[in-house]
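Here is model-v5.csv, consisting of CSV, C-alpha atoms:
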```
chain,number,residue,atom,x,y,z
A,1,MET,CA,0.0,0.0,0.0
A,2,PHE,CA,2.9,2.3,0.6
A,3,ALA,CA,5.4,3.6,-1.9
A,4,PRO,CA,9.1,4.0,-1.1
A,5,ARG,CA,10.3,7.4,0.0
A,6,GLY,CA,11.4,9.5,-3.0
A,7,SER,CA,13.0,12.9,-3.3
A,8,THR,CA,11.6,15.8,-1.2
A,9,GLU,CA,9.9,17.1,-4.4
A,10,GLU,CA,8.2,13.7,-4.9
A,11,VAL,CA,7.2,13.4,-1.3
A,12,GLU,CA,5.7,16.9,-1.1
A,13,GLU,CA,4.3,17.4,-4.6
A,14,GLY,CA,3.6,13.9,-5.7
A,15,ARG,CA,0.6,11.6,-5.6
A,16,ALA,CA,2.3,8.5,-4.1
A,17,LEU,CA,1.5,7.6,-0.5
A,18,ALA,CA,5.0,7.3,1.0
A,19,PRO,CA,4.7,7.8,4.8
A,20,LYS,CA,7.7,8.6,6.9
A,21,PHE,CA,7.6,6.3,9.9
A,22,ASP,CA,9.9,7.5,12.7
A,23,ALA,CA,12.6,5.5,14.5
A,24,ASP,CA,9.8,3.6,16.4
A,25,GLY,CA,7.9,2.9,13.1
A,26,LEU,CA,5.2,5.4,13.8
A,27,VAL,CA,3.4,8.4,12.3
A,28,THR,CA,1.3,10.9,14.3
A,29,CYS,CA,-2.4,10.9,13.8
A,30,VAL,CA,-4.8,13.8,14.7
A,31,ALA,CA,-8.5,12.9,14.9
A,32,THR,CA,-11.0,15.7,14.6
A,33,ASP,CA,-14.8,15.6,14.8
A,34,ALA,CA,-16.1,15.8,11.2
A,35,ARG,CA,-19.0,18.0,12.3
A,36,SER,CA,-17.6,20.3,15.0
A,37,GLY,CA,-13.9,20.4,13.8
A,38,GLU,CA,-12.9,19.9,17.5
A,39,VAL,CA,-9.6,17.9,18.0
A,40,LEU,CA,-10.7,14.7,19.7
A,41,MET,CA,-7.3,13.0,20.2
A,42,VAL,CA,-3.7,12.7,19.1
A,43,ALA,CA,-2.3,9.2,18.8
A,44,HIS,CA,0.1,7.1,16.7
A,45,MET,CA,-0.2,4.6,13.9
A,46,ASN,CA,2.4,2.0,12.8
A,47,ALA,CA,2.3,0.7,9.2
A,48,GLU,CA,-0.2,-1.9,10.0
A,49,ALA,CA,-2.6,0.5,11.9
A,50,LEU,CA,-2.3,3.0,9.0
A,51,ALA,CA,-3.0,0.3,6.4
A,52,LYS,CA,-6.0,-1.1,8.4
A,53,THR,CA,-7.4,2.4,8.8
A,54,ILE,CA,-7.2,3.1,5.1
A,55,ALA,CA,-8.6,-0.2,4.1
A,56,SER,CA,-11.5,-0.3,6.6
A,57,GLY,CA,-12.4,3.4,7.1
A,58,GLU,CA,-12.2,2.8,10.8
A,59,ALA,CA,-9.5,4.2,13.1
A,60,TRP,CA,-6.8,1.8,14.2
A,61,TYR,CA,-3.9,3.0,16.3
A,62,TYR,CA,-0.7,1.6,17.8
A,63,SER,CA,-0.4,2.0,21.6
A,64,ARG,CA,3.2,2.9,22.6
A,65,SER,CA,2.5,2.1,26.3
A,66,ARG,CA,0.9,-1.2,25.6
A,67,GLN,CA,3.0,-2.0,22.5
A,68,ARG,CA,0.1,-3.3,20.5
A,69,LEU,CA,-2.3,-2.5,17.7
A,70,TRP,CA,-5.8,-1.5,18.7
A,71,ARG,CA,-9.0,-0.6,17.0
A,72,LYS,CA,-10.6,2.5,18.5
A,73,GLY,CA,-13.7,1.4,20.3
A,74,GLU,CA,-12.8,-2.3,20.6
A,75,THR,CA,-13.3,-2.1,24.3
A,76,SER,CA,-15.7,0.9,24.7
A,77,GLY,CA,-17.7,0.6,21.5
A,78,HIS,CA,-16.6,4.3,20.8
A,79,ALA,CA,-15.3,3.6,17.3
A,80,GLN,CA,-14.3,6.3,14.8
A,81,ARG,CA,-15.6,6.1,11.3
A,82,LEU,CA,-13.5,8.1,8.8
A,83,VAL,CA,-15.0,10.8,6.7
A,84,GLU,CA,-11.6,11.7,5.2
A,85,MET,CA,-7.9,11.2,5.7
A,86,ARG,CA,-5.3,13.8,4.9
A,87,ILE,CA,-1.5,13.5,5.0
A,88,ASP,CA,0.9,16.3,5.5
A,89,CYS,CA,3.6,17.7,3.3
A,90,ASP,CA,6.5,15.5,4.5
A,91,GLN,CA,4.1,12.6,5.1
A,92,ASP,CA,4.9,11.9,8.7
A,93,ALA,CA,1.5,12.9,10.1
A,94,VAL,CA,-2.1,12.2,9.1
A,95,TRP,CA,-5.3,14.0,9.9
A,96,ILE,CA,-8.5,12.0,10.1
A,97,LYS,CA,-11.9,13.6,10.2
A,98,VAL,CA,-14.2,11.1,12.0
A,99,GLU,CA,-17.7,10.4,13.0
A,100,GLN,CA,-17.1,9.6,16.7
A,101,GLN,CA,-19.4,6.8,17.8
A,102,GLY,CA,-20.8,6.9,21.4
A,103,PRO,CA,-20.4,9.8,23.9
A,104,GLY,CA,-16.7,10.4,23.6
A,105,ALA,CA,-13.2,9.7,22.4
A,106,CYS,CA,-11.3,10.1,25.7
A,107,HIS,CA,-10.7,7.3,28.1
A,108,THR,CA,-11.3,9.7,31.0
A,109,GLY,CA,-15.0,10.0,30.0
A,110,ARG,CA,-14.9,13.2,28.0
A,111,ARG,CA,-15.8,13.8,24.4
A,112,SER,CA,-12.3,15.1,23.6
A,113,CYS,CA,-8.9,14.4,25.2
A,114,PHE,CA,-8.3,18.2,25.1
A,115,TYR,CA,-10.6,19.2,27.9
A,116,ARG,CA,-8.2,21.6,29.7
A,117,ALA,CA,-6.9,25.0,28.6
A,118,VAL,CA,-3.5,26.4,29.4
A,119,PRO,CA,-3.6,30.1,30.4
A,120,LEU,CA,-1.4,32.2,28.2
A,121,GLY,CA,0.8,35.3,28.8
A,122,GLY,CA,1.9,36.9,32.0
A,123,PRO,CA,4.9,36.0,34.1
A,124,GLY,CA,6.6,32.6,33.9
A,125,GLY,CA,5.3,30.9,37.0
A,126,PRO,CA,3.3,27.7,37.3
A,127,ARG,CA,0.1,27.5,35.3
A,128,THR,CA,-3.3,26.5,36.6
A,129,LEU,CA,-5.2,24.6,33.9
A,130,GLU,CA,-8.8,25.6,33.2
A,131,PHE,CA,-11.4,22.9,32.6
A,132,ARG,CA,-13.3,23.4,29.4
A,133,GLU,CA,-15.2,20.1,29.6
A,134,ALA,CA,-15.3,19.3,33.2
A,135,GLY,CA,-18.4,17.1,33.2
A,136,LYS,CA,-17.9,13.5,32.0
A,137,ALA,CA,-20.0,12.4,29.0
A,138,TYR,CA,-19.9,8.8,30.4
A,139,ASP,CA,-18.6,6.8,33.3
A,140,PRO,CA,-15.2,5.5,32.2
A,141,ARG,CA,-15.2,2.8,34.9
A,142,ALA,CA,-18.4,1.4,33.6
A,143,VAL,CA,-17.0,1.3,30.0
A,144,TYR,CA,-13.4,0.3,30.4
A,145,GLY,CA,-11.8,-2.4,32.4
A,146,ASP,CA,-8.6,-0.8,31.2
A,147,ARG,CA,-8.1,2.2,29.0
A,148,ASP,CA,-9.1,2.2,25.3
B,149,MET,CA,6.4,26.9,34.6
B,150,PHE,CA,6.0,23.1,34.6
B,151,ALA,CA,5.0,20.9,37.6
B,152,PRO,CA,6.6,17.5,38.2
B,153,ARG,CA,4.6,14.5,36.8
B,154,GLY,CA,2.2,13.2,39.5
B,155,SER,CA,0.0,10.2,39.6
B,156,THR,CA,-2.2,9.3,36.6
B,157,GLU,CA,-5.2,10.8,38.5
B,158,GLU,CA,-3.3,14.0,39.1
B,159,VAL,CA,-2.1,14.3,35.5
B,160,GLU,CA,-5.5,13.6,34.0
B,161,GLU,CA,-7.9,15.3,36.5
B,162,GLY,CA,-5.7,17.9,38.1
B,163,ARG,CA,-5.0,21.6,37.4
B,164,ALA,CA,-1.2,21.4,37.3
B,165,LEU,CA,0.6,21.8,34.0
B,166,ALA,CA,2.9,18.7,34.0
B,167,PRO,CA,3.8,17.9,30.4
B,168,LYS,CA,5.1,14.5,29.4
B,169,PHE,CA,8.1,15.1,27.2
B,170,ASP,CA,9.2,12.0,25.2
B,171,ALA,CA,12.7,10.5,25.1
B,172,ASP,CA,13.8,13.3,22.8
B,173,GLY,CA,12.3,15.9,25.2
B,174,LEU,CA,9.3,16.8,22.9
B,175,VAL,CA,5.6,17.0,23.0
B,176,THR,CA,3.4,17.0,19.9
B,177,CYS,CA,1.6,20.1,18.9
B,178,VAL,CA,-1.4,20.4,16.6
B,179,ALA,CA,-2.2,23.9,15.2
B,180,THR,CA,-5.7,24.6,13.9
B,181,ASP,CA,-7.0,27.7,12.3
B,182,ALA,CA,-9.1,29.4,15.0
B,183,ARG,CA,-11.8,30.5,12.4
B,184,SER,CA,-12.1,27.5,10.0
B,185,GLY,CA,-11.1,24.7,12.4
B,186,GLU,CA,-8.8,23.3,9.7
B,187,VAL,CA,-5.7,21.5,10.9
B,188,LEU,CA,-2.8,23.7,9.6
B,189,MET,CA,0.2,21.7,10.8
B,190,VAL,CA,1.6,19.2,13.3
B,191,ALA,CA,5.0,19.9,14.8
B,192,HIS,CA,6.9,19.4,18.0
B,193,MET,CA,7.8,21.6,21.0
B,194,ASN,CA,10.6,21.0,23.6
B,195,ALA,CA,10.3,22.5,27.1
B,196,GLU,CA,11.7,25.9,25.9
B,197,ALA,CA,9.4,26.1,22.9
B,198,LEU,CA,6.4,25.3,25.0
B,199,ALA,CA,7.3,27.8,27.7
B,200,LYS,CA,8.0,30.5,25.1
B,201,THR,CA,4.7,29.8,23.3
B,202,ILE,CA,2.7,30.0,26.6
B,203,ALA,CA,4.5,33.2,27.7
B,204,SER,CA,4.4,35.1,24.4
B,205,GLY,CA,1.1,33.8,22.9
B,206,GLU,CA,3.0,33.1,19.6
B,207,ALA,CA,3.9,29.7,18.3
B,208,TRP,CA,7.4,28.4,18.9
B,209,TYR,CA,8.5,25.0,17.8
B,210,TYR,CA,11.5,22.7,17.9
B,211,SER,CA,12.8,21.4,14.6
B,212,ARG,CA,13.9,17.8,14.8
B,213,SER,CA,15.6,17.9,11.5
B,214,ARG,CA,17.5,21.2,12.2
B,215,GLN,CA,17.8,20.5,15.9
B,216,ARG,CA,16.9,24.0,16.9
B,217,LEU,CA,14.2,26.2,18.3
B,218,TRP,CA,12.2,28.4,15.9
B,219,ARG,CA,9.5,30.9,16.1
B,220,LYS,CA,6.9,30.2,13.4
B,221,GLY,CA,7.2,33.0,10.9
B,222,GLU,CA,10.7,34.1,11.8
B,223,THR,CA,11.7,33.7,8.2
B,224,SER,CA,8.4,34.0,6.3
B,225,GLY,CA,6.5,36.4,8.5
B,226,HIS,CA,3.8,33.8,8.7
B,227,ALA,CA,3.5,33.8,12.4
B,228,GLN,CA,0.8,32.1,14.5
B,229,ARG,CA,-0.9,34.1,17.3
B,230,LEU,CA,-2.6,31.8,19.8
B,231,VAL,CA,-6.3,32.2,20.6
B,232,GLU,CA,-6.2,29.2,22.9
B,233,MET,CA,-4.0,26.3,24.0
B,234,ARG,CA,-5.4,23.0,25.2
B,235,ILE,CA,-3.5,20.0,26.6
B,236,ASP,CA,-4.6,16.4,26.4
B,237,CYS,CA,-5.4,13.9,29.1
B,238,ASP,CA,-1.9,12.5,29.6
B,239,GLN,CA,-0.3,15.9,28.8
B,240,ASP,CA,1.9,14.7,26.0
B,241,ALA,CA,0.2,16.7,23.2
B,242,VAL,CA,-1.0,20.3,22.9
B,243,TRP,CA,-3.6,21.8,20.6
B,244,ILE,CA,-3.2,25.4,19.7
B,245,LYS,CA,-6.0,27.4,18.0
B,246,VAL,CA,-4.2,30.1,16.0
B,247,GLU,CA,-4.7,33.2,13.9
B,248,GLN,CA,-2.4,32.3,11.0
B,249,GLN,CA,-0.6,35.4,9.8
B,250,GLY,CA,0.0,35.7,6.0
B,251,PRO,CA,-1.2,33.4,3.3
B,252,GLY,CA,-0.3,30.1,4.8
B,253,ALA,CA,1.3,27.8,7.4
B,254,CYS,CA,3.0,25.3,5.0
B,255,HIS,CA,6.5,25.8,3.7
B,256,THR,CA,5.3,24.4,0.3
B,257,GLY,CA,3.2,27.5,-0.2
B,258,ARG,CA,-0.2,26.1,0.9
B,259,ARG,CA,-2.4,27.4,3.7
B,260,SER,CA,-2.3,24.0,5.5
B,261,CYS,CA,0.3,21.2,5.4
B,262,PHE,CA,-2.6,18.7,4.9
B,263,TYR,CA,-3.3,19.5,1.3
B,264,ARG,CA,-3.7,15.9,0.1
B,265,ALA,CA,-6.3,13.3,0.8
B,266,VAL,CA,-5.7,9.5,1.0
B,267,PRO,CA,-8.5,7.5,-0.7
B,268,LEU,CA,-10.1,5.1,1.7
B,269,GLY,CA,-11.5,1.5,1.3
B,270,GLY,CA,-11.2,-0.9,-1.5
B,271,PRO,CA,-8.3,-3.4,-2.1
B,272,GLY,CA,-4.9,-3.0,-0.5
B,273,GLY,CA,-2.9,-1.7,-3.4
B,274,PRO,CA,-1.0,1.6,-3.8
B,275,ARG,CA,-2.9,4.8,-3.2
B,276,THR,CA,-3.0,7.8,-5.4
B,277,LEU,CA,-3.2,10.9,-3.3
B,278,GLU,CA,-5.9,13.5,-4.2
B,279,PHE,CA,-4.9,17.2,-4.0
B,280,ARG,CA,-7.4,19.3,-2.0
B,281,GLU,CA,-5.4,22.5,-2.1
B,282,ALA,CA,-3.4,22.2,-5.3
B,283,GLY,CA,-2.9,25.9,-6.0
B,284,LYS,CA,-0.2,27.6,-3.9
B,285,ALA,CA,-1.2,30.6,-1.7
B,286,TYR,CA,2.2,32.0,-2.2
B,287,ASP,CA,5.5,31.3,-3.8
B,288,PRO,CA,7.7,29.5,-1.3
B,289,ARG,CA,10.9,30.3,-3.1
B,290,ALA,CA,10.2,34.0,-2.8
B,291,VAL,CA,9.5,33.7,0.9
B,292,TYR,CA,12.0,31.1,2.2
B,293,GLY,CA,15.7,30.8,1.6
B,294,ASP,CA,15.2,27.6,3.6
B,295,ARG,CA,12.1,26.0,5.0
B,296,ASP,CA,10.3,27.7,8.0
```

Could you take the file, read its structure, and then write that structure out as structure tokens?
Amino acid sequence: MFAPRGSTEEVEEGRALAPKFDADGLVTCVATDARSGEVLMVAHMNAEALAKTIASGEAWYYSRSRQRLWRKGETSGHAQRLVEMRIDCDQDAVWIKVEQQGPGACHTGRRSCFYRAVPLGGPGGPRTLEFREAGKAYDPRAVYGDRD
Amino acid sequence: MFAPRGSTEEVEEGRALAPKFDADGLVTCVATDARSGEVLMVAHMNAEALAKTIASGEAWYYSRSRQRLWRKGETSGHAQRLVEMRIDCDQDAVWIKVEQQGPGACHTGRRSCFYRAVPLGGPGGPRTLEFREAGKAYDPRAVYGDRD
């Protein structure tokens, strides 16, 4: 499914899918909600996860902590159906626009993993995060034995 | 500016900013256009880039290929002013919503780095990428001596 890496010109301006997997064999994946545009999560894909995602239209990832392939929603039922996949200029990151199944993408019980804001500006002291999505969309303990 | 990493509960449910930098000292950063929601680019920040971004409200990154800190737009003038920064559940990725200055974020001359789509489904053969933003918003050779 993947072409060999060519010249910079070929990678950036060409039509061949030639992902640049890092030293751990991974590309970065950003998943956004296809309707709201909200960033739901950032995760990684190895070659197998990327190929399965492209072929199936469902999000597969590679867990660095658990060192295994996983289909999003395999435990929780909160799968992600792809509306579109984009790849970036140097082909080391993909952006998937998804229809998030179920109440949320985050294993903590929120819709998005990015539920806290970092205050900007001012002096360089410690920052107190501000919750933007404090309430949980579901009870993660009822859904996960372990994290998804 | 950064707190030490605490327990999983503290990192995920707390209000302390305690980023998880990887083995190379980096977190992943996703920049989206604050108006359109479009993903503009994915890049990395080391502790210094993250601290400078938070303090200044302008995007600073760390280039893995050039092994140096850079302020987005320092060459091109295409800076990114932050509207908001979010951090994810395990605090190893940040999402910045930005006002992109100038015609585009991508060094190839496009507005977004994600200007090509990957066709989904079907048999597992090679994929032909589809340009979604074929025309260039500016001439990168006129703007960059080297890439930004």

- prompt: Can you list, as a list in words, every protein, DNA or RNA residue that comes within 8 Å of Glu38 of chain A when you count all atoms listed in the file, leaving out same-chain residues fewer than 3 positions away?
  reply: Thr32, Asp33 and Ser112 of chain A; Gly185 of chain B

message: Can you tell me which residues surround segment 218-235 of chain B at a distance of at most 9 Å, considering only C-alpha atoms, apart from same-chain residues fewer than 4 positions away, and format the answer as a PyMOL selection string?
response: (chain A and resi 113-120+129+132) or (chain B and resi 165+167+179+182+197+201-202+204-211+239-253+255+288+291-296)

Restricting the output to C-alpha atoms, write the selected residues as a CSV table (one decimal), in the frame of the given file.
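Written out: result_17.csv:
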```csv
chain,number,residue,atom,x,y,z
A,113,CYS,CA,-8.9,14.4,25.2
A,114,PHE,CA,-8.3,18.2,25.1
A,115,TYR,CA,-10.6,19.2,27.9
A,116,ARG,CA,-8.2,21.6,29.7
A,117,ALA,CA,-6.9,25.0,28.6
A,118,VAL,CA,-3.5,26.4,29.4
A,119,PRO,CA,-3.6,30.1,30.4
A,120,LEU,CA,-1.4,32.2,28.2
A,129,LEU,CA,-5.2,24.6,33.9
A,132,ARG,CA,-13.3,23.4,29.4
B,165,LEU,CA,0.6,21.8,34.0
B,167,PRO,CA,3.8,17.9,30.4
B,179,ALA,CA,-2.2,23.9,15.2
B,182,ALA,CA,-9.1,29.4,15.0
B,197,ALA,CA,9.4,26.1,22.9
B,201,THR,CA,4.7,29.8,23.3
B,202,ILE,CA,2.7,30.0,26.6
B,204,SER,CA,4.4,35.1,24.4
B,205,GLY,CA,1.1,33.8,22.9
B,206,GLU,CA,3.0,33.1,19.6
B,207,ALA,CA,3.9,29.7,18.3
B,208,TRP,CA,7.4,28.4,18.9
B,209,TYR,CA,8.5,25.0,17.8
B,210,TYR,CA,11.5,22.7,17.9
B,211,SER,CA,12.8,21.4,14.6
B,239,GLN,CA,-0.3,15.9,28.8
B,240,ASP,CA,1.9,14.7,26.0
B,241,ALA,CA,0.2,16.7,23.2
B,242,VAL,CA,-1.0,20.3,22.9
B,243,TRP,CA,-3.6,21.8,20.6
B,244,ILE,CA,-3.2,25.4,19.7
B,245,LYS,CA,-6.0,27.4,18.0
B,246,VAL,CA,-4.2,30.1,16.0
B,247,GLU,CA,-4.7,33.2,13.9
B,248,GLN,CA,-2.4,32.3,11.0
B,249,GLN,CA,-0.6,35.4,9.8
B,250,GLY,CA,0.0,35.7,6.0
B,251,PRO,CA,-1.2,33.4,3.3
B,252,GLY,CA,-0.3,30.1,4.8
B,253,ALA,CA,1.3,27.8,7.4
B,255,HIS,CA,6.5,25.8,3.7
B,288,PRO,CA,7.7,29.5,-1.3
B,291,VAL,CA,9.5,33.7,0.9
B,292,TYR,CA,12.0,31.1,2.2
B,293,GLY,CA,15.7,30.8,1.6
B,294,ASP,CA,15.2,27.6,3.6
B,295,ARG,CA,12.1,26.0,5.0
B,296,ASP,CA,10.3,27.7,8.0
```

Length of the atom CA of Met193 of chain B to atom CA of Val42 of chain A vector [Å]: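 Taking atom CA of Met193 of chain B as the start and atom CA of Val42 of chain A as the end point, the length is 14.7 Å.
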
field: Minimum-distance residue to chain A, chosen among B:Glu281, B:Arg153, B:Arg163, B:Asp172 (using all atoms listed in the file)
entry: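 Of B:Glu281, B:Arg153, B:Arg163, B:Asp172, the one nearest chain A, counting all atoms listed in the file, is B:Arg163.
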
task: Measuring atom to atom with all atoms listed in the file, identify which of A:Val11, A:Val27, A:Val39, A:Leu50 is nearest to chain B.
output: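 Between A:Val11, A:Val27, A:Val39, A:Leu50, the residue approaching chain B most closely is A:Val39.
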
- prompt: For chain A, which of B:Arg216, B:Met189, B:Phe169, B:Arg259 is the closest residue, counting only C-alpha atoms?
  reply: B:Met189

query: For the atom pair atom CA of Gly121 of chain A and atom CA of Ala151 of chain B, what is the interatomic distance in Å to one decimal place?
result: 17.4 Å

field: Residue nearest Cys106 of chain A - candidates B:Cys237, B:Leu188, B:Gly283, B:Arg212, atoms counted: all atoms listed in the file
entry: B:Cys237

field: Separation of atom CA of Ala43 of chain A from atom CA of Arg110 of chain A in Å
entry: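 If I compute the distance from atom CA of Arg110 of chain A to atom CA of Ala43 of chain A, I get 16.1 Å.
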
- line: Using only C-alpha atoms, the shortest atom-to-atom distance to chain B among A:Glu9, A:Asp139, A:Asn46, A:Ala16 belongs to A:Ala16

- request: Give the answer as one residue: which of A:Ala47, A:Asp88, A:Ala137, A:Arg35 has the shortest atom-to-atom distance to chain B, using all atoms listed in the file?
  value: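 Nearest to chain B: A:Asp88.
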